[in-house]
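Notes to accompany the following structure.
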Amino acid sequence: MPEQNEDVLARRPAIVDALRRLVPDGVIAERDALAAYDCDALTAYRQKPLAVVLPRSADEVSAVLAFCHREQVRLVPRGAGTSLSGGAFPLADGILLGLSRMNRILEIDLENRCVVAEPGVTNLAITKAVEGRGFLLCARSLEPSRLLDRRQCRGKLRRNSLSQIRADDE
Ligand SMILES: Cc1cc2nc3c(=O)[nH]c(=O)nc-3n(C[C@H](O)[C@H](O)[C@H](O)COP(=O)(O)OP(=O)(O)OC[C@H]3O[C@@H](n4cnc5c(N)ncnc54)[C@H](O)[C@@H]3O)c2cc1C
């Protein structure tokens, strides 16, 4: 575990109050509620963050980032928390910025196989949004996710990944 910043820990009540002014209905600071965010998919390590902030807009994200920069509070962003390597592991003296409420798909451009989405949108939500038109999102490790049409996808995925064939078939 990294060394903790005692100064930030001592300022916790004031930091939580300030965050509540920036994101009024999106701050979790109660110890029990923080347990839901104490790890990502690497469950061997757990630690509650100082607080969780759940913004709904880019403006709220900007306000939180500016605050953390000004107050020298560390911050870890988190999408769905499915990282298997502890990438979204929280810091006891830091803010966990949960982006799950930013879940709008902004633009679907099938011609260019391109979707513009907020950071809380899941792979499955994108597939659901395009499957009626014969597409799905092909998420594969070590490569950017790609939007494929189903015939194209079936041939390629059979060579690559059983779980993705199942996702395609379902
Ligand atoms: C059962 C299982 C199956 C999986 N299968 C696949 C697979 O087939 N293909 C694949 O590619 N991956 C797979 N993964 C890994 C995981 O799903 C991916 O890494 C996924 O893309 C992580 O997204 P997330 O939103 O959950 O990110 P998180 O786990 O929340 O975060 C991952 C990292 O990104 C940072 N981060 C998150 N959001 C932002 C943001 N908006 N801005 C800046 N940084 C950010 C976090 O701080 C962290 O370091 C699998 C995981 C599990 C548990």
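The chains in the structure tokens are called A, B, ... from first to last as shown; in each chain the residues are counted from 1, and the ligands are counted from 1 in the order shown.
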
Can I get the residues close to ligand 1 as a ChimeraX atom specification, where close means within 9 Å and we count only C-alpha atoms and all ligand atoms?
/A:40-42,75-90,96-100,118-123,138-145,161,163-164

Can you build me a table of region 56-122 of chain A residues sitting at most 12 Å from region 10-16 of chain A, with the closest atom pair per residue and its distance in Å to one decimal, using only C-alpha atoms, sorted by chain and residue number, as JSON lines?
```
{"residue": "A:Val64", "atom": "CA", "partner": "A:Ile15", "partner_atom": "CA", "distance": 10.8}
{"residue": "A:Phe67", "atom": "CA", "partner": "A:Ile15", "partner_atom": "CA", "distance": 9.2}
{"residue": "A:Cys68", "atom": "CA", "partner": "A:Ile15", "partner_atom": "CA", "distance": 9.2}
{"residue": "A:Arg70", "atom": "CA", "partner": "A:Ile15", "partner_atom": "CA", "distance": 11.5}
{"residue": "A:Glu71", "atom": "CA", "partner": "A:Ile15", "partner_atom": "CA", "distance": 8.6}
{"residue": "A:Gln72", "atom": "CA", "partner": "A:Ile15", "partner_atom": "CA", "distance": 10.8}
{"residue": "A:Val73", "atom": "CA", "partner": "A:Ile15", "partner_atom": "CA", "distance": 8.9}
{"residue": "A:Arg74", "atom": "CA", "partner": "A:Ile15", "partner_atom": "CA", "distance": 11.8}
{"residue": "A:Ala92", "atom": "CA", "partner": "A:Arg12", "partner_atom": "CA", "distance": 10.6}
{"residue": "A:Asp93", "atom": "CA", "partner": "A:Arg12", "partner_atom": "CA", "distance": 8.5}
{"residue": "A:Gly94", "atom": "CA", "partner": "A:Arg12", "partner_atom": "CA", "distance": 9.7}
{"residue": "A:Ile95", "atom": "CA", "partner": "A:Val16", "partner_atom": "CA", "distance": 9.6}
```

Output all heavy atoms for every residue in that selection, as a short mmCIF file (atom, residue, chain, number, x, y, z; two decimals), in the first residue's frame.
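This is the output file again.cif:
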```cif
data_model
loop_
_atom_site.label_atom_id
_atom_site.label_comp_id
_atom_site.auth_asym_id
_atom_site.auth_seq_id
_atom_site.Cartn_x
_atom_site.Cartn_y
_atom_site.Cartn_z
N VAL A 64 -14.50 18.53 -10.16
CA VAL A 64 -13.86 17.64 -9.17
C VAL A 64 -12.35 17.59 -9.42
O VAL A 64 -11.55 17.65 -8.47
CB VAL A 64 -14.49 16.23 -9.23
CG1 VAL A 64 -13.71 15.26 -8.35
CG2 VAL A 64 -15.95 16.28 -8.80
N PHE A 67 -10.77 20.78 -8.24
CA PHE A 67 -10.73 20.79 -6.76
C PHE A 67 -9.58 19.91 -6.25
O PHE A 67 -8.80 20.33 -5.39
CB PHE A 67 -12.08 20.29 -6.20
CG PHE A 67 -12.05 20.05 -4.73
CD1 PHE A 67 -12.17 21.11 -3.83
CD2 PHE A 67 -11.87 18.77 -4.22
CE1 PHE A 67 -12.13 20.89 -2.46
CE2 PHE A 67 -11.82 18.54 -2.85
CZ PHE A 67 -11.95 19.60 -1.97
N CYS A 68 -9.48 18.69 -6.79
CA CYS A 68 -8.44 17.76 -6.31
C CYS A 68 -7.04 18.32 -6.62
O CYS A 68 -6.12 18.17 -5.81
CB CYS A 68 -8.62 16.38 -6.96
SG CYS A 68 -10.02 15.48 -6.28
N ARG A 70 -6.26 21.53 -6.86
CA ARG A 70 -6.04 22.68 -5.97
C ARG A 70 -5.72 22.21 -4.54
O ARG A 70 -4.82 22.73 -3.89
CB ARG A 70 -7.31 23.54 -5.97
CG ARG A 70 -7.13 24.92 -5.38
CD ARG A 70 -8.34 25.80 -5.69
NE ARG A 70 -9.60 25.26 -5.17
CZ ARG A 70 -10.62 24.90 -5.92
NH1 ARG A 70 -10.57 25.02 -7.23
NH2 ARG A 70 -11.73 24.41 -5.37
N GLU A 71 -6.45 21.18 -4.10
CA GLU A 71 -6.31 20.73 -2.71
C GLU A 71 -5.28 19.60 -2.56
O GLU A 71 -5.11 19.06 -1.47
CB GLU A 71 -7.67 20.24 -2.19
CG GLU A 71 -8.75 21.31 -2.15
CD GLU A 71 -8.44 22.42 -1.15
OE1 GLU A 71 -7.84 22.10 -0.11
OE2 GLU A 71 -8.80 23.58 -1.41
N GLN A 72 -4.63 19.24 -3.67
CA GLN A 72 -3.61 18.18 -3.64
C GLN A 72 -4.17 16.87 -3.07
O GLN A 72 -3.58 16.23 -2.20
CB GLN A 72 -2.39 18.63 -2.83
CG GLN A 72 -1.64 19.79 -3.50
CD GLN A 72 -0.99 19.32 -4.81
OE1 GLN A 72 -0.02 18.60 -4.78
NE2 GLN A 72 -1.55 19.72 -5.94
N VAL A 73 -5.35 16.49 -3.58
CA VAL A 73 -5.98 15.21 -3.22
C VAL A 73 -5.85 14.28 -4.41
O VAL A 73 -6.19 14.65 -5.54
CB VAL A 73 -7.48 15.41 -2.87
CG1 VAL A 73 -8.12 14.08 -2.50
CG2 VAL A 73 -7.63 16.41 -1.72
N ARG A 74 -5.38 13.06 -4.15
CA ARG A 74 -5.22 12.12 -5.26
C ARG A 74 -6.58 11.56 -5.70
O ARG A 74 -7.54 11.55 -4.94
CB ARG A 74 -4.27 10.99 -4.83
CG ARG A 74 -2.89 11.55 -4.52
CD ARG A 74 -1.88 10.46 -4.36
NE ARG A 74 -2.05 9.73 -3.10
CZ ARG A 74 -1.24 8.77 -2.71
NH1 ARG A 74 -0.23 8.41 -3.47
NH2 ARG A 74 -1.43 8.16 -1.56
N ALA A 92 -6.80 5.23 0.14
CA ALA A 92 -7.44 5.62 1.40
C ALA A 92 -7.42 7.14 1.58
O ALA A 92 -8.30 7.71 2.22
CB ALA A 92 -6.73 4.95 2.57
N ASP A 93 -6.43 7.79 0.98
CA ASP A 93 -6.36 9.25 1.09
C ASP A 93 -6.72 9.91 -0.25
O ASP A 93 -6.30 11.03 -0.54
CB ASP A 93 -4.95 9.69 1.52
CG ASP A 93 -3.88 9.20 0.54
OD1 ASP A 93 -4.25 8.54 -0.45
OD2 ASP A 93 -2.70 9.50 0.76
N GLY A 94 -7.53 9.22 -1.05
CA GLY A 94 -7.87 9.75 -2.37
C GLY A 94 -9.34 9.57 -2.71
O GLY A 94 -10.06 8.80 -2.08
N ILE A 95 -9.75 10.30 -3.75
CA ILE A 95 -11.13 10.24 -4.24
C ILE A 95 -11.23 9.14 -5.30
O ILE A 95 -10.36 9.02 -6.16
CB ILE A 95 -11.50 11.58 -4.91
CG1 ILE A 95 -11.31 12.75 -3.94
CG2 ILE A 95 -12.93 11.56 -5.47
CD1 ILE A 95 -12.06 12.60 -2.66
#
```

Which is closer to Val52 (chain A) than all the others in A:Arg104, A:Lys128, A:Arg21, A:Arg31, using only C-alpha atoms?
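Ranked by minimum distance to Val52 (chain A), first place goes to A:Arg31.
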
Among region 23-167 of chain A, which ones does DSSP place in strand (DSSP E or B), written as a PyMOL selection string?
chain A and resi 27-28+51-53+74-78+94-98+105-109+114-117+135-138+146-149

Which of these residues is nearest to Ala58 (chain A), using only C-alpha atoms: A:Ala35, A:Leu22, A:Ile126, A:Met102?
A:Met102

Glu107 (chain A) environment, 12 Å, only C-alpha atoms, sequence neighbours closer than 2 positions dropped, as a PyMOL selection string
chain A and resi 104-105+109-110+112-118+126+129-130

Residues of region 50-119 of chain A in alpha helix (DSSP H), written as an MDAnalysis selection string:
chainID A and resid 58:71

The selected residues should be written to file as an mmCIF file, in the first residue's frame (atoms: C-alpha atoms).
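Final output, selection-v5.cif:
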```
data_model
loop_
_atom_site.group_PDB
_atom_site.id
_atom_site.type_symbol
_atom_site.label_atom_id
_atom_site.label_comp_id
_atom_site.auth_asym_id
_atom_site.auth_seq_id
_atom_site.Cartn_x
_atom_site.Cartn_y
_atom_site.Cartn_z
ATOM 1 C CA ALA A 58 -18.185 16.483 -17.956
ATOM 2 C CA ASP A 59 -18.649 19.789 -16.124
ATOM 3 C CA GLU A 60 -18.912 17.965 -12.799
ATOM 4 C CA VAL A 61 -15.841 15.869 -13.675
ATOM 5 C CA SER A 62 -13.920 19.073 -14.456
ATOM 6 C CA ALA A 63 -14.983 20.679 -11.192
ATOM 7 C CA VAL A 64 -13.859 17.644 -9.174
ATOM 8 C CA LEU A 65 -10.518 17.430 -11.002
ATOM 9 C CA ALA A 66 -9.873 21.151 -10.452
ATOM 10 C CA PHE A 67 -10.729 20.788 -6.765
ATOM 11 C CA CYS A 68 -8.439 17.764 -6.314
ATOM 12 C CA HIS A 69 -5.610 19.555 -8.100
ATOM 13 C CA ARG A 70 -6.041 22.676 -5.970
ATOM 14 C CA GLU A 71 -6.307 20.727 -2.705
#
```

Expressed in Å to a single decimal, how great is the separation between CA of Gly132 (chain A) and CA of Arg146 (chain A)?
16.9 Å

Would you work out the distance separating CA of Arg101 (chain A) from CA of Gly26 (chain A), expressed in Å to one decimal?
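Atom-to-atom, CA of Arg101 (chain A) and CA of Gly26 (chain A) are spaced 9.4 Å apart.
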
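Atom pair CA of Val23 (chain A) / CA of Tyr37 (chain A): separated by 18.0 Å.
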